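*Asks:* Contents of final_16.txt (compact mmCIF, C-alpha atoms and all ligand atoms):
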# COMPACT_ATOMS: atom_id res chain seq x y z
CA MET A 1247 5.32 4.76 36.81
CA THR A 1248 5.16 2.87 33.53
CA SER A 1249 6.14 -0.76 33.48
CA GLN A 1250 8.90 -0.06 30.96
CA LEU A 1251 10.72 2.28 33.33
CA GLU A 1252 10.13 -0.08 36.22
CA ALA A 1253 11.82 -2.76 34.20
CA TYR A 1254 14.84 -0.49 33.61
CA GLY A 1255 14.92 0.17 37.34
CA ARG A 1256 15.41 -3.54 37.92
CA VAL A 1257 18.48 -3.58 35.66
CA ALA A 1258 20.05 -0.18 36.32
CA GLY A 1259 18.80 0.61 39.85
CA GLN A 1260 15.69 2.49 41.03
CA ASP A 1261 17.72 5.59 41.95
CA VAL A 1262 18.67 5.94 38.27
CA ILE A 1263 14.99 6.07 37.29
CA ASP A 1264 14.18 8.56 40.05
CA HIS A 1265 16.89 10.86 38.72
CA LEU A 1266 15.39 10.68 35.23
CA PHE A 1267 12.01 11.86 36.49
CA GLN A 1268 13.63 14.58 38.54
CA LEU A 1269 15.46 15.88 35.50
CA SER A 1270 12.54 15.60 33.09
CA ARG A 1271 9.93 17.29 35.29
CA PRO A 1272 10.88 20.87 34.35
CA LEU A 1273 10.96 19.83 30.67
CA THR A 1274 7.54 18.14 30.59
CA GLY A 1275 5.53 18.80 27.46
CA LEU A 1276 8.37 20.21 25.39
CA LYS A 1277 8.51 19.02 21.79
CA VAL A 1278 11.63 17.22 20.61
CA ILE A 1279 12.39 15.93 17.12
CA HIS A 1280 15.28 13.68 16.15
CA VAL A 1281 16.27 13.58 12.47
CA ASN A 1282 18.56 11.06 10.80
CA SER A 1283 18.79 9.32 7.44
CA THR A 1284 17.85 5.69 8.04
CA ARG A 1285 15.31 3.91 10.17
CA VAL A 1286 17.20 0.61 10.13
CA GLY A 1287 20.82 -0.47 10.01
CA GLY A 1288 23.72 0.94 11.97
CA GLY A 1289 24.13 2.38 15.41
CA VAL A 1290 22.20 5.64 15.04
CA ALA A 1291 18.94 3.91 14.12
CA GLU A 1292 19.56 1.38 16.87
CA ILE A 1293 19.82 4.13 19.50
CA LEU A 1294 16.92 6.24 18.27
CA GLU A 1295 14.61 3.27 18.21
CA LYS A 1296 15.08 3.04 21.99
CA LEU A 1297 15.74 6.63 23.03
CA VAL A 1298 12.66 8.11 21.36
CA PRO A 1299 10.07 6.01 23.25
CA LEU A 1300 11.95 6.48 26.52
CA MET A 1301 11.94 10.26 26.13
CA GLN A 1302 8.20 10.00 25.55
CA GLU A 1303 7.83 7.97 28.73
CA VAL A 1304 9.45 10.61 30.88
CA GLY A 1305 6.95 13.15 29.57
CA ILE A 1306 8.67 14.78 26.61
CA GLU A 1307 6.82 14.88 23.30
CA THR A 1308 9.40 13.20 21.11
CA SER A 1309 9.25 12.15 17.47
CA TRP A 1310 11.72 10.75 14.94
CA GLU A 1311 11.92 11.90 11.32
CA VAL A 1312 13.97 10.25 8.59
CA ILE A 1313 15.13 12.16 5.54
CA GLU A 1314 14.72 10.45 2.17
CA GLY A 1315 17.69 10.51 -0.18
CA ASN A 1316 18.63 9.15 -3.59
CA GLU A 1317 21.67 7.16 -4.70
CA THR A 1318 23.82 10.22 -5.48
CA PHE A 1319 22.93 11.71 -2.10
CA TYR A 1320 24.05 8.57 -0.26
CA GLN A 1321 27.26 8.43 -2.31
CA CYS A 1322 27.93 11.95 -1.20
CA THR A 1323 27.16 11.35 2.48
CA LYS A 1324 29.22 8.15 2.47
CA GLY A 1325 32.08 10.25 1.07
CA MET A 1326 31.54 12.78 3.86
CA HIS A 1327 31.50 10.00 6.44
CA ASN A 1328 34.76 8.60 5.08
CA GLY A 1329 36.20 12.11 4.92
CA LEU A 1330 35.27 12.88 8.53
CA GLN A 1331 37.01 9.64 9.48
CA GLY A 1332 40.14 10.92 7.78
CA ASN A 1333 40.07 9.49 4.25
CA HIS A 1334 41.24 11.86 1.52
CA VAL A 1335 38.05 11.67 -0.48
CA ARG A 1336 37.11 13.80 -3.45
CA ILE A 1337 33.40 14.46 -3.55
CA PRO A 1338 32.24 15.42 -7.06
CA GLU A 1339 30.25 18.63 -7.53
CA ALA A 1340 27.24 16.66 -8.75
CA GLN A 1341 27.11 14.78 -5.45
CA ILE A 1342 27.32 17.99 -3.44
CA ALA A 1343 24.47 19.38 -5.57
CA ALA A 1344 22.40 16.24 -4.80
CA TYR A 1345 23.20 16.60 -1.09
CA GLU A 1346 21.92 20.13 -0.98
CA GLU A 1347 18.94 19.37 -3.21
CA VAL A 1348 17.82 16.38 -1.11
CA ASN A 1349 18.02 18.53 2.01
CA ARG A 1350 15.93 21.24 0.31
CA THR A 1351 13.28 18.68 -0.68
CA ASN A 1352 13.17 17.20 2.82
CA ALA A 1353 13.03 20.65 4.39
CA GLU A 1354 9.89 21.35 2.32
CA LEU A 1355 8.26 18.28 3.86
CA MET A 1356 9.36 18.82 7.45
CA ARG A 1357 9.78 22.57 7.83
CA GLU A 1358 6.58 23.30 9.68
CA LYS A 1359 7.22 20.59 12.29
CA LEU A 1360 10.89 21.41 12.69
CA GLU A 1361 10.32 25.11 13.07
CA ALA A 1362 7.72 24.50 15.78
CA ALA A 1363 9.84 22.10 17.87
CA ASP A 1364 11.50 23.12 21.14
CA TYR A 1365 14.55 20.97 20.42
CA VAL A 1366 15.77 19.45 17.18
CA PHE A 1367 18.55 16.86 17.26
CA ILE A 1368 20.13 16.42 13.84
CA HIS A 1369 22.16 13.22 13.61
CA ASP A 1370 25.32 13.08 11.49
CA PRO A 1371 26.10 14.93 8.26
CA GLN A 1372 23.18 13.72 6.13
CA PRO A 1373 20.53 16.18 7.40
CA ALA A 1374 22.99 18.86 8.64
CA PRO A 1375 21.82 21.60 6.18
CA LEU A 1376 18.23 21.44 7.49
CA LEU A 1377 18.93 24.18 10.03
CA SER A 1378 19.85 26.63 7.29
CA LEU A 1379 16.57 25.74 5.55
CA CYS A 1380 14.35 26.48 8.56
CA PRO A 1381 14.75 30.25 8.96
CA ASN A 1382 11.81 30.64 11.36
CA ARG A 1383 12.81 27.97 13.83
CA ARG A 1384 11.99 28.74 17.42
CA GLY A 1385 13.71 25.91 19.28
CA GLU A 1386 17.25 24.92 20.13
CA TRP A 1387 19.05 22.90 17.44
CA VAL A 1388 21.78 20.43 18.28
CA TRP A 1389 24.04 18.62 15.80
CA ARG A 1390 24.81 15.11 17.03
CA CYS A 1391 27.93 13.64 15.43
CA HIS A 1392 28.25 9.86 15.85
CA ILE A 1393 31.38 9.62 13.72
CA ASP A 1394 35.02 9.41 14.72
CA ALA A 1395 35.87 12.96 13.65
CA SER A 1396 39.18 13.14 15.50
CA HIS A 1397 41.21 13.79 12.33
CA PRO A 1398 38.79 14.83 9.59
CA TYR A 1399 39.97 15.44 6.06
CA ARG A 1400 40.00 19.23 6.10
CA PRO A 1401 38.15 20.05 2.85
CA VAL A 1402 35.22 17.85 3.92
CA TRP A 1403 35.02 19.32 7.41
CA LYS A 1404 35.40 22.85 6.03
CA TYR A 1405 32.37 22.32 3.83
CA LEU A 1406 30.26 20.71 6.56
CA ARG A 1407 31.29 23.21 9.19
CA ARG A 1408 29.42 25.93 7.29
CA PHE A 1409 26.19 24.13 8.22
CA VAL A 1410 27.23 22.95 11.68
CA ARG A 1411 28.56 26.22 13.09
CA ASP A 1412 25.10 27.80 13.23
CA TYR A 1413 23.70 25.15 15.57
CA ASP A 1414 23.17 26.04 19.23
CA ALA A 1415 25.28 23.12 20.40
CA SER A 1416 26.81 19.90 19.17
CA ILE A 1417 27.34 16.49 20.70
CA PHE A 1418 30.32 14.22 20.12
CA SER A 1419 30.83 10.72 21.52
CA LEU A 1420 34.39 11.35 22.75
CA ALA A 1421 36.33 14.45 23.76
CA GLU A 1422 38.90 13.67 21.01
CA PHE A 1423 36.21 14.14 18.37
CA ALA A 1424 35.29 17.70 19.38
CA GLN A 1425 36.00 20.44 16.84
CA MET A 1426 36.64 24.18 16.74
CA LEU A 1427 33.06 25.45 16.79
CA PRO A 1428 31.47 28.66 18.06
CA HIS A 1429 28.99 26.91 20.37
CA PRO A 1430 29.04 24.56 23.38
CA GLN A 1431 30.07 21.00 22.62
CA TYR A 1432 28.75 18.19 24.78
CA ILE A 1433 30.47 14.84 25.11
CA ILE A 1434 27.90 12.05 25.35
CA PRO A 1435 28.86 8.47 24.59
CA PRO A 1436 26.11 6.27 23.15
CA SER A 1437 24.48 3.38 24.97
CA ILE A 1438 22.60 0.10 24.64
CA ASP A 1439 19.14 -0.89 25.75
CA PRO A 1440 19.44 -3.89 28.07
CA LEU A 1441 15.78 -4.79 27.52
CA SER A 1442 15.81 -4.81 23.73
CA GLU A 1443 15.63 -7.95 21.64
CA LYS A 1444 19.30 -7.42 20.88
CA ASN A 1445 20.32 -7.57 24.53
CA ILE A 1446 17.78 -9.42 26.67
CA ASP A 1447 18.71 -12.77 28.16
CA LEU A 1448 18.01 -15.73 25.91
CA ASP A 1449 17.53 -19.31 26.95
CA ASP A 1450 20.03 -21.94 25.88
CA GLY A 1451 17.52 -23.57 23.54
CA GLU A 1452 17.15 -20.42 21.45
CA ILE A 1453 20.92 -19.97 21.19
CA ALA A 1454 21.34 -23.63 20.18
CA ALA A 1455 18.65 -23.24 17.51
CA VAL A 1456 20.43 -20.25 15.96
CA LEU A 1457 23.75 -22.13 15.87
CA ALA A 1458 22.03 -25.12 14.26
CA GLU A 1459 20.35 -22.85 11.67
CA PHE A 1460 23.74 -21.63 10.48
CA ASP A 1461 25.53 -24.94 10.82
CA ILE A 1462 27.83 -23.72 13.60
CA ASP A 1463 29.20 -26.39 15.94
CA PRO A 1464 28.29 -25.51 19.56
CA GLU A 1465 31.08 -27.72 20.90
CA ARG A 1466 33.90 -25.85 19.18
CA PRO A 1467 35.52 -22.45 19.92
CA LEU A 1468 33.70 -19.56 18.28
CA LEU A 1469 34.84 -16.07 17.29
CA VAL A 1470 32.18 -13.57 16.25
CA GLN A 1471 32.29 -10.13 14.68
CA VAL A 1472 28.98 -8.37 14.06
CA SER A 1473 29.13 -5.33 11.82
CA ARG A 1474 28.16 -3.79 8.54
CA PHE A 1475 30.43 -4.82 5.68
CA ASP A 1476 32.49 -1.67 5.81
CA ARG A 1477 36.24 -1.29 5.35
CA PHE A 1478 36.57 0.65 8.60
CA LYS A 1479 35.32 -2.46 10.42
CA ASP A 1480 38.23 -4.40 8.89
CA PRO A 1481 36.46 -7.71 8.19
CA LEU A 1482 39.43 -8.84 6.08
CA GLY A 1483 41.74 -8.23 9.05
CA VAL A 1484 39.44 -10.43 11.13
CA ILE A 1485 39.70 -13.25 8.60
CA GLN A 1486 43.47 -12.88 8.63
CA ALA A 1487 43.55 -13.08 12.44
CA TYR A 1488 41.28 -16.14 12.37
CA LYS A 1489 43.58 -17.85 9.84
CA LEU A 1490 46.58 -17.24 12.10
CA VAL A 1491 44.71 -18.68 15.09
CA LYS A 1492 43.52 -21.66 13.06
CA LYS A 1493 47.11 -22.93 12.81
CA PHE A 1494 47.22 -23.33 16.59
CA VAL A 1495 43.55 -23.92 17.43
CA PRO A 1496 42.33 -25.98 14.46
CA ALA A 1497 38.78 -26.31 15.82
CA VAL A 1498 38.16 -22.56 15.82
CA GLN A 1499 35.18 -21.19 13.89
CA LEU A 1500 34.47 -17.62 12.78
CA VAL A 1501 31.18 -15.83 12.24
CA LEU A 1502 31.13 -12.54 10.36
CA ALA A 1503 27.56 -11.35 10.68
CA GLY A 1504 26.42 -8.21 8.96
CA GLY A 1505 23.76 -6.58 6.96
CA SER A 1506 23.62 -3.44 4.97
CA ALA A 1507 22.42 -0.04 6.08
CA THR A 1508 20.19 1.60 3.47
CA ASP A 1509 22.50 4.65 3.53
CA ASP A 1510 25.72 2.69 2.79
CA PRO A 1511 26.40 2.12 -0.94
CA GLU A 1512 29.83 0.48 -0.46
CA GLY A 1513 28.62 -2.54 1.50
CA GLU A 1514 28.17 -4.92 -1.43
CA GLN A 1515 31.70 -4.52 -2.68
CA VAL A 1516 33.17 -5.16 0.78
CA LEU A 1517 30.91 -8.19 1.21
CA ARG A 1518 32.21 -9.64 -2.09
CA GLU A 1519 35.79 -9.23 -0.89
CA VAL A 1520 34.92 -10.94 2.39
CA GLN A 1521 33.29 -13.82 0.53
CA ASP A 1522 36.34 -14.18 -1.76
CA ASN A 1523 38.67 -14.26 1.23
CA SER A 1524 36.69 -16.87 3.07
CA ALA A 1525 35.84 -19.11 0.10
CA GLY A 1526 36.61 -22.77 0.65
CA ASP A 1527 36.72 -22.65 4.45
CA PRO A 1528 33.57 -24.21 5.93
CA ASP A 1529 34.48 -22.86 9.38
CA ILE A 1530 34.03 -19.23 8.28
CA HIS A 1531 30.37 -18.29 8.29
CA VAL A 1532 29.60 -15.06 6.48
CA LEU A 1533 26.02 -14.24 7.40
CA LEU A 1534 24.02 -11.59 5.64
CA LEU A 1535 21.22 -10.85 8.05
CA PRO A 1536 18.05 -8.81 7.62
CA PRO A 1537 17.91 -5.54 9.58
CA ASP A 1538 15.48 -6.92 12.15
CA ALA A 1539 17.58 -9.98 13.06
CA HIS A 1540 18.11 -8.67 16.59
CA ARG A 1541 17.53 -11.96 18.41
CA THR A 1542 19.78 -13.79 15.97
CA ILE A 1543 22.59 -11.32 16.63
CA ASN A 1544 21.91 -11.55 20.34
CA ALA A 1545 22.22 -15.36 20.14
CA LEU A 1546 25.43 -15.21 18.09
CA GLN A 1547 27.01 -12.75 20.54
CA ARG A 1548 26.01 -15.00 23.44
CA ALA A 1549 27.30 -18.12 21.69
CA ALA A 1550 30.70 -16.53 21.04
CA HIS A 1551 33.65 -17.33 23.25
CA ILE A 1552 35.39 -14.15 22.12
CA VAL A 1553 33.90 -11.19 20.25
CA LEU A 1554 36.00 -9.22 17.81
CA GLN A 1555 35.51 -5.63 16.66
CA LYS A 1556 38.71 -5.03 14.82
CA SER A 1557 37.73 -1.62 13.47
CA VAL A 1558 40.40 0.75 12.23
CA LYS A 1559 38.08 3.71 12.89
CA GLU A 1560 35.06 3.58 15.15
CA GLY A 1561 32.75 6.35 16.34
CA PHE A 1562 31.75 4.30 19.37
CA GLY A 1563 31.11 0.65 18.52
CA LEU A 1564 27.76 -0.43 19.91
CA THR A 1565 28.60 -4.01 18.99
CA VAL A 1566 31.38 -3.81 21.56
CA THR A 1567 28.96 -2.67 24.28
CA GLU A 1568 26.47 -5.36 23.29
CA ALA A 1569 29.09 -8.09 23.56
CA MET A 1570 30.47 -6.79 26.85
CA TRP A 1571 26.97 -6.68 28.32
CA LYS A 1572 26.72 -10.39 27.45
CA GLY A 1573 29.84 -11.03 29.49
CA LYS A 1574 32.18 -11.54 26.54
CA PRO A 1575 35.80 -10.47 26.31
CA VAL A 1576 36.13 -8.17 23.30
CA ILE A 1577 39.22 -7.85 21.17
CA GLY A 1578 38.78 -4.47 19.59
CA GLY A 1579 40.70 -2.12 17.33
CA ASP A 1580 42.66 0.47 19.29
CA THR A 1581 40.61 3.38 18.01
CA GLY A 1582 37.79 5.83 18.75
CA GLY A 1583 35.03 4.72 21.07
CA ILE A 1584 36.48 1.24 21.48
CA ARG A 1585 39.12 2.85 23.71
CA LEU A 1586 36.39 4.11 25.99
CA GLN A 1587 34.99 0.63 26.47
CA VAL A 1588 37.77 -1.87 26.15
CA ILE A 1589 40.21 -1.32 28.98
CA ASN A 1590 43.26 -3.32 28.04
CA PHE A 1591 43.75 -6.51 30.07
CA ASN A 1592 40.68 -5.61 32.10
CA THR A 1593 37.46 -5.54 30.06
CA GLY A 1594 39.14 -6.88 26.90
CA PHE A 1595 42.11 -6.28 24.62
CA ARG A 1596 42.88 -3.51 22.16
CA VAL A 1597 44.88 -4.39 19.09
CA ASN A 1598 46.32 -2.68 16.02
CA THR A 1599 46.98 -5.58 13.66
CA PRO A 1600 45.58 -9.00 12.71
CA GLU A 1601 48.70 -10.51 14.31
CA GLY A 1602 47.92 -8.67 17.57
CA ALA A 1603 44.35 -9.92 17.47
CA ALA A 1604 45.52 -13.49 16.85
CA LEU A 1605 47.93 -13.30 19.77
CA ARG A 1606 45.16 -12.22 22.17
CA ILE A 1607 42.74 -14.83 20.87
CA ARG A 1608 45.31 -17.57 21.41
CA TYR A 1609 46.04 -16.22 24.90
CA LEU A 1610 42.36 -16.38 25.85
CA PHE A 1611 41.81 -19.83 24.37
CA HIS A 1612 44.74 -21.09 26.44
CA ASN A 1613 43.52 -19.33 29.59
CA ARG A 1614 39.83 -20.16 29.63
CA LYS A 1615 39.36 -18.74 33.13
CA LYS A 1616 40.38 -15.33 31.78
CA ILE A 1617 37.53 -15.45 29.28
CA GLU A 1618 35.09 -15.59 32.17
CA GLU A 1619 36.96 -13.15 34.39
CA ILE A 1620 37.26 -10.46 31.73
CA GLY A 1621 33.68 -11.06 30.63
CA LEU A 1622 32.34 -10.39 34.13
CA LYS A 1623 34.27 -7.13 34.40
CA ALA A 1624 33.05 -6.13 30.96
CA ARG A 1625 29.40 -6.59 31.97
CA GLU A 1626 29.75 -4.49 35.11
CA PHE A 1627 31.58 -1.78 33.18
CA VAL A 1628 28.64 -1.52 30.79
CA ARG A 1629 26.11 -1.50 33.65
CA ASP A 1630 27.93 1.45 35.19
CA ASN A 1631 28.57 3.45 32.04
CA PHE A 1632 26.77 2.50 28.86
CA LEU A 1633 23.12 1.69 29.49
CA ILE A 1634 20.44 3.78 27.85
CA THR A 1635 19.32 5.21 31.19
CA ARG A 1636 22.64 7.04 31.49
CA HIS A 1637 22.30 8.24 27.90
CA LEU A 1638 18.80 9.61 28.49
CA ARG A 1639 19.97 11.34 31.66
CA GLU A 1640 22.66 13.16 29.68
CA TYR A 1641 20.22 14.24 26.94
CA LEU A 1642 17.91 15.62 29.65
CA THR A 1643 20.80 17.42 31.29
CA LEU A 1644 21.81 18.95 27.98
CA MET A 1645 18.23 20.06 27.31
CA SER A 1646 18.01 21.62 30.78
CA SER A 1647 21.25 23.46 30.33
CA LEU A 1648 20.19 24.84 26.93
CA HIS A 1649 16.72 25.72 28.16
CA PHE A 1650 17.56 27.24 31.53
CA GLY A 1651 21.24 27.99 31.07
CA GLY A 1652 20.71 31.75 30.79
CA ARG A 1653 18.86 31.99 34.11
CA ASP A 1654 20.41 32.97 37.40
CA ARG A 1655 18.73 30.15 39.27
CA ILE A 1656 17.93 26.67 37.97
CA GLU A 1657 15.77 24.41 40.11
CA LEU A 1658 16.29 20.80 39.25
CA GLY A 1659 14.51 19.25 42.23
N1 LIG B 1701 23.80 -4.46 13.52
C1 LIG B 1701 22.71 -5.19 13.15
N2 LIG B 1701 22.81 -5.99 12.06
C2 LIG B 1701 23.96 -6.10 11.36
C3 LIG B 1701 25.08 -5.35 11.74
C4 LIG B 1701 24.96 -4.53 12.84
O1 LIG B 1701 21.64 -5.13 13.78
O2 LIG B 1701 23.97 -6.86 10.40
C5 LIG B 1701 23.68 -3.60 14.68
C6 LIG B 1701 24.67 -3.91 15.77
O3 LIG B 1701 24.18 -4.96 16.60
C7 LIG B 1701 24.78 -2.56 16.48
C8 LIG B 1701 24.63 -1.58 15.32
O4 LIG B 1701 23.95 -2.27 14.29
O5 LIG B 1701 23.71 -2.39 17.37
C9 LIG B 1701 25.98 -1.11 14.79
O6 LIG B 1701 26.44 -0.10 15.59
P1 LIG B 1701 27.98 0.23 15.71
O7 LIG B 1701 28.11 1.43 16.59
O8 LIG B 1701 28.73 -1.00 16.16
O9 LIG B 1701 28.47 0.53 14.22
P2 LIG B 1701 27.92 1.48 13.03
O10 LIG B 1701 27.21 0.55 12.11
O11 LIG B 1701 27.03 2.52 13.64
O12 LIG B 1701 29.17 2.03 12.42
Turn this file's structure into structure tokens for me.

*Replies:*
Amino acid sequence: MTSQLEAYGRVAGQDVIDHLFQLSRPLTGLKVIHVNSTRVGGGVAEILEKLVPLMQEVGIETSWEVIEGNETFYQCTKGMHNGLQGNHVRIPEAQIAAYEEVNRTNAELMREKLEAADYVFIHDPQPAPLLSLCPNRRGEWVWRCHIDASHPYRPVWKYLRRFVRDYDASIFSLAEFAQMLPHPQYIIPPSIDPLSEKNIDLDDGEIAAVLAEFDIDPERPLLVQVSRFDRFKDPLGVIQAYKLVKKFVPAVQLVLAGGSATDDPEGEQVLREVQDNSAGDPDIHVLLLPPDAHRTINALQRAAHIVLQKSVKEGFGLTVTEAMWKGKPVIGGDTGGIRLQVINFNTGFRVNTPEGAALRIRYLFHNRKKIEEIGLKAREFVRDNFLITRHLREYLTLMSSLHFGGRDRIELG
């Protein structure tokens, strides 16, 4: 067994690793390709970076392709993303034309590989038309939607559905996100890698050094939200909650740490608004981090007393999982995948408003034992449900069911 999988066995349990090998054995040697639209920034890239090598380790020939777009393409796909999350967006014809054109260009570059693969996983709307551009494909194609598509804006979904309906299956993170589609839909929540730079244990010295680098006082209470500067993450609501708390806990500090994904054109504008709203308060630290700042984020999450993820829409919220794994109580928006992770009063608190968030923050600061108690439950909840080993197991199960599903007898042992 490889040392990497042995190491996962130590965190998740050896039986978990044995099950992975059992499931992958009948699939050995099959070719899998994942396709998305960015190699860095955001949850999808974060997951693929870990899942792809692990699939390789259990004997499946797995690769990861990234489609290249232009500015108009990303404006269009951002509009689609917002539309799937329920915003009434109007996507101009020129953007739709760029969307289709970029997919045609990428199909030219990847067609041979994609058509030869046994499984192709297409992530999110950006590369969705690729299936229609690979007429001689021989494998199974699965559309993996990472977005909170519970109440999509109809015209956007109607357009996208034309591409999605022809897939052999789709995957959504939550049952509420599933759609009317003429193929099987699998519900697979995402996961974190406990051994990645983002999540491994850090020593106190490293955490202290990161706090010193950003001028954060280690002796004072600290709230942290890590996320792209995106309206759905509600960074302005977080600042509002912090300001309400500040009246009662004057020593409180806030870190809003984010970066930009290369496929998100709105980030700069949101960042400017965040900077305007926090101007003049030295206890608000708005940190614009490079995409590979995994250890820095790890340290900030570990240094936090409470982690916020006050999203108003959230596909899953890996930042929530990351914080819970570090034993932190999370105050999260009552939406999407946060509901799957934050069990109210148990692994954290779910809130709908800045006032609600402020109330829970004050409660925790006045009941310090609860911070620890909830944090411990949060960590165990992640160990049981949201580690990458569980995620890989579900991908393997899906592949088995697509591959062998038509047979009378399926031997998994
Ligand atoms: N992230 C990061 N740098 C940032 C902001 C976020 O590395 O500046 C990471 C974060 O730690 C998490 C992922 O990007 O692993 C974000 O995933 P999530 O599901 O929370 O949100 P998404 O960006 O996919 O909407």

*Asks:* Have a look at atom CA of Gly1259 of chain A and atom CA of Asn1631 of chain A and let me know their distance in Å, one decimal.

*Replies:*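 Going from atom CA of Gly1259 of chain A over to atom CA of Asn1631 of chain A, I get 12.8 Å.
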
*Asks:* Between A:Arg1653, A:Lys1444, A:Arg1639, A:His1397, single out the one closest to Thr1565 of chain A, counting all atoms listed in the file.

*Replies:*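 Using all atoms listed in the file, Thr1565 of chain A sits closest to A:Lys1444.
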
*Asks:* For Pro1436 of chain A, find every residue with an atom within 8 Å (counting only C-alpha atoms), except residues of its own chain fewer than 4 positions away, and show them as a list in words.

*Replies:*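 Skipping anything fewer than 4 positions along the chain leaves Ile1293, Ser1419, Phe1562, Leu1564, Phe1632, Ile1634 and His1637 of chain A.
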
*Asks:* Between A:Leu1377, A:Leu1546, A:Val1290, A:Ala1604, which has the minimum distance to ligand LIG 1701 (chain B) (counting all atoms listed in the file)?

*Replies:*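 Closest residue, counting all atoms listed in the file: A:Val1290.
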
*Asks:* Got a sec: who's within 7 Å of segment 1610-1626 of chain A, counting only C-alpha atoms, leaving out chain neighbours fewer than 2 positions off, as a list in words?

*Replies:*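 Counting only C-alpha atoms, the residues come to Met1570, Trp1571, Lys1572, Gly1573, Lys1574, Pro1575, Asn1592, Thr1593, Gly1594, Arg1606, Ile1607, Arg1608, Val1628, Arg1629 and Asp1630 of chain A.
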
*Asks:* Using only C-alpha atoms and all ligand atoms, find each protein or nucleic acid residue lying at most 6 Å from ligand LIG 1701 (chain B); present the set as a PDB file with C-alpha atoms, in the coordinates of the input.

*Replies:*
ATOM      1  CA  GLY A1287      20.820  -0.470  10.010  1.00  0.00           C
ATOM      2  CA  GLY A1288      23.720   0.940  11.970  1.00  0.00           C
ATOM      3  CA  GLY A1289      24.130   2.380  15.410  1.00  0.00           C
ATOM      4  CA  VAL A1290      22.200   5.640  15.040  1.00  0.00           C
ATOM      5  CA  GLU A1292      19.560   1.380  16.870  1.00  0.00           C
ATOM      6  CA  VAL A1472      28.980  -8.370  14.060  1.00  0.00           C
ATOM      7  CA  SER A1473      29.130  -5.330  11.820  1.00  0.00           C
ATOM      8  CA  ARG A1474      28.160  -3.790   8.540  1.00  0.00           C
ATOM      9  CA  ALA A1503      27.560 -11.350  10.680  1.00  0.00           C
ATOM     10  CA  GLY A1504      26.420  -8.210   8.960  1.00  0.00           C
ATOM     11  CA  GLY A1505      23.760  -6.580   6.960  1.00  0.00           C
ATOM     12  CA  LEU A1535      21.220 -10.850   8.050  1.00  0.00           C
ATOM     13  CA  PRO A1537      17.910  -5.540   9.580  1.00  0.00           C
ATOM     14  CA  HIS A1540      18.110  -8.670  16.590  1.00  0.00           C
ATOM     15  CA  PHE A1562      31.750   4.300  19.370  1.00  0.00           C
ATOM     16  CA  GLY A1563      31.110   0.650  18.520  1.00  0.00           C
ATOM     17  CA  LEU A1564      27.760  -0.430  19.910  1.00  0.00           C
ATOM     18  CA  THR A1565      28.600  -4.010  18.990  1.00  0.00           C
TER      19      THR A1565
END

*Asks:* Might you pull out every residue within 8 Å of Gly1329 of chain A, with all atoms listed in the file counted and same-chain residues fewer than 3 positions away left off, and present them as a list in words?

*Replies:*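 In the requested format, the answer is Gly1325, Met1326, Gly1332, Asn1333, His1334, Val1335, Pro1398, Tyr1399, Val1402 and Trp1403 of chain A.
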
*Asks:* Ranking A:Leu1420, A:Ile1552, A:Ile1263, A:Val1281 by minimum distance to Thr1581 of chain A and counting only C-alpha atoms, which one comes first?

*Replies:*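 Checking each candidate against Thr1581 of chain A, we get A:Leu1420 as the closest.
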
*Asks:* For atom CA of Leu1500 of chain A and atom CA of Asp1439 of chain A, determine how far apart the two atoms are, in Å to one decimal place.

*Replies:*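 For atom CA of Leu1500 of chain A relative to atom CA of Asp1439 of chain A, the distance reads 26.1 Å.
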
*Asks:* Nearest residue to Asn1328 of chain A out of A:Ala1395, A:Ala1549, A:Leu1605, A:Ile1446, using all atoms listed in the file?

*Replies:*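 With all atoms listed in the file as the atom set, the closest residue is A:Ala1395.
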
*Asks:* Excluding same-chain residues fewer than 3 positions from Val1516 of chain A, what lies within 8 Å of it counting only C-alpha atoms, as a ChimeraX atom specification?

*Replies:* /A:1475-1477,1512-1513,1519-1520

*Asks:* Mind giving me the straight-line distance from atom CA of Asn1445 of chain A to atom CA of Asn1544 of chain A in Å, one decimal?

*Replies:*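 Taking atom CA of Asn1445 of chain A as the start and atom CA of Asn1544 of chain A as the end point, the length is 6.0 Å.
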
*Asks:* Have a look at A:Glu1303, A:Tyr1405, A:Glu1358, A:Phe1591 and name the one nearest to Ile1337 of chain A; count only C-alpha atoms.

*Replies:*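 Closest to Ile1337 of chain A of all the choices is A:Tyr1405.
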
*Asks:* For each of A:His1531, A:His1280, A:Arg1271, A:Arg1408, take the minimum atom-to-atom distance to Leu1469 of chain A, counting only C-alpha atoms, then give the residue where this is smallest.

*Replies:*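 Closest to Leu1469 of chain A of all the choices is A:His1531.
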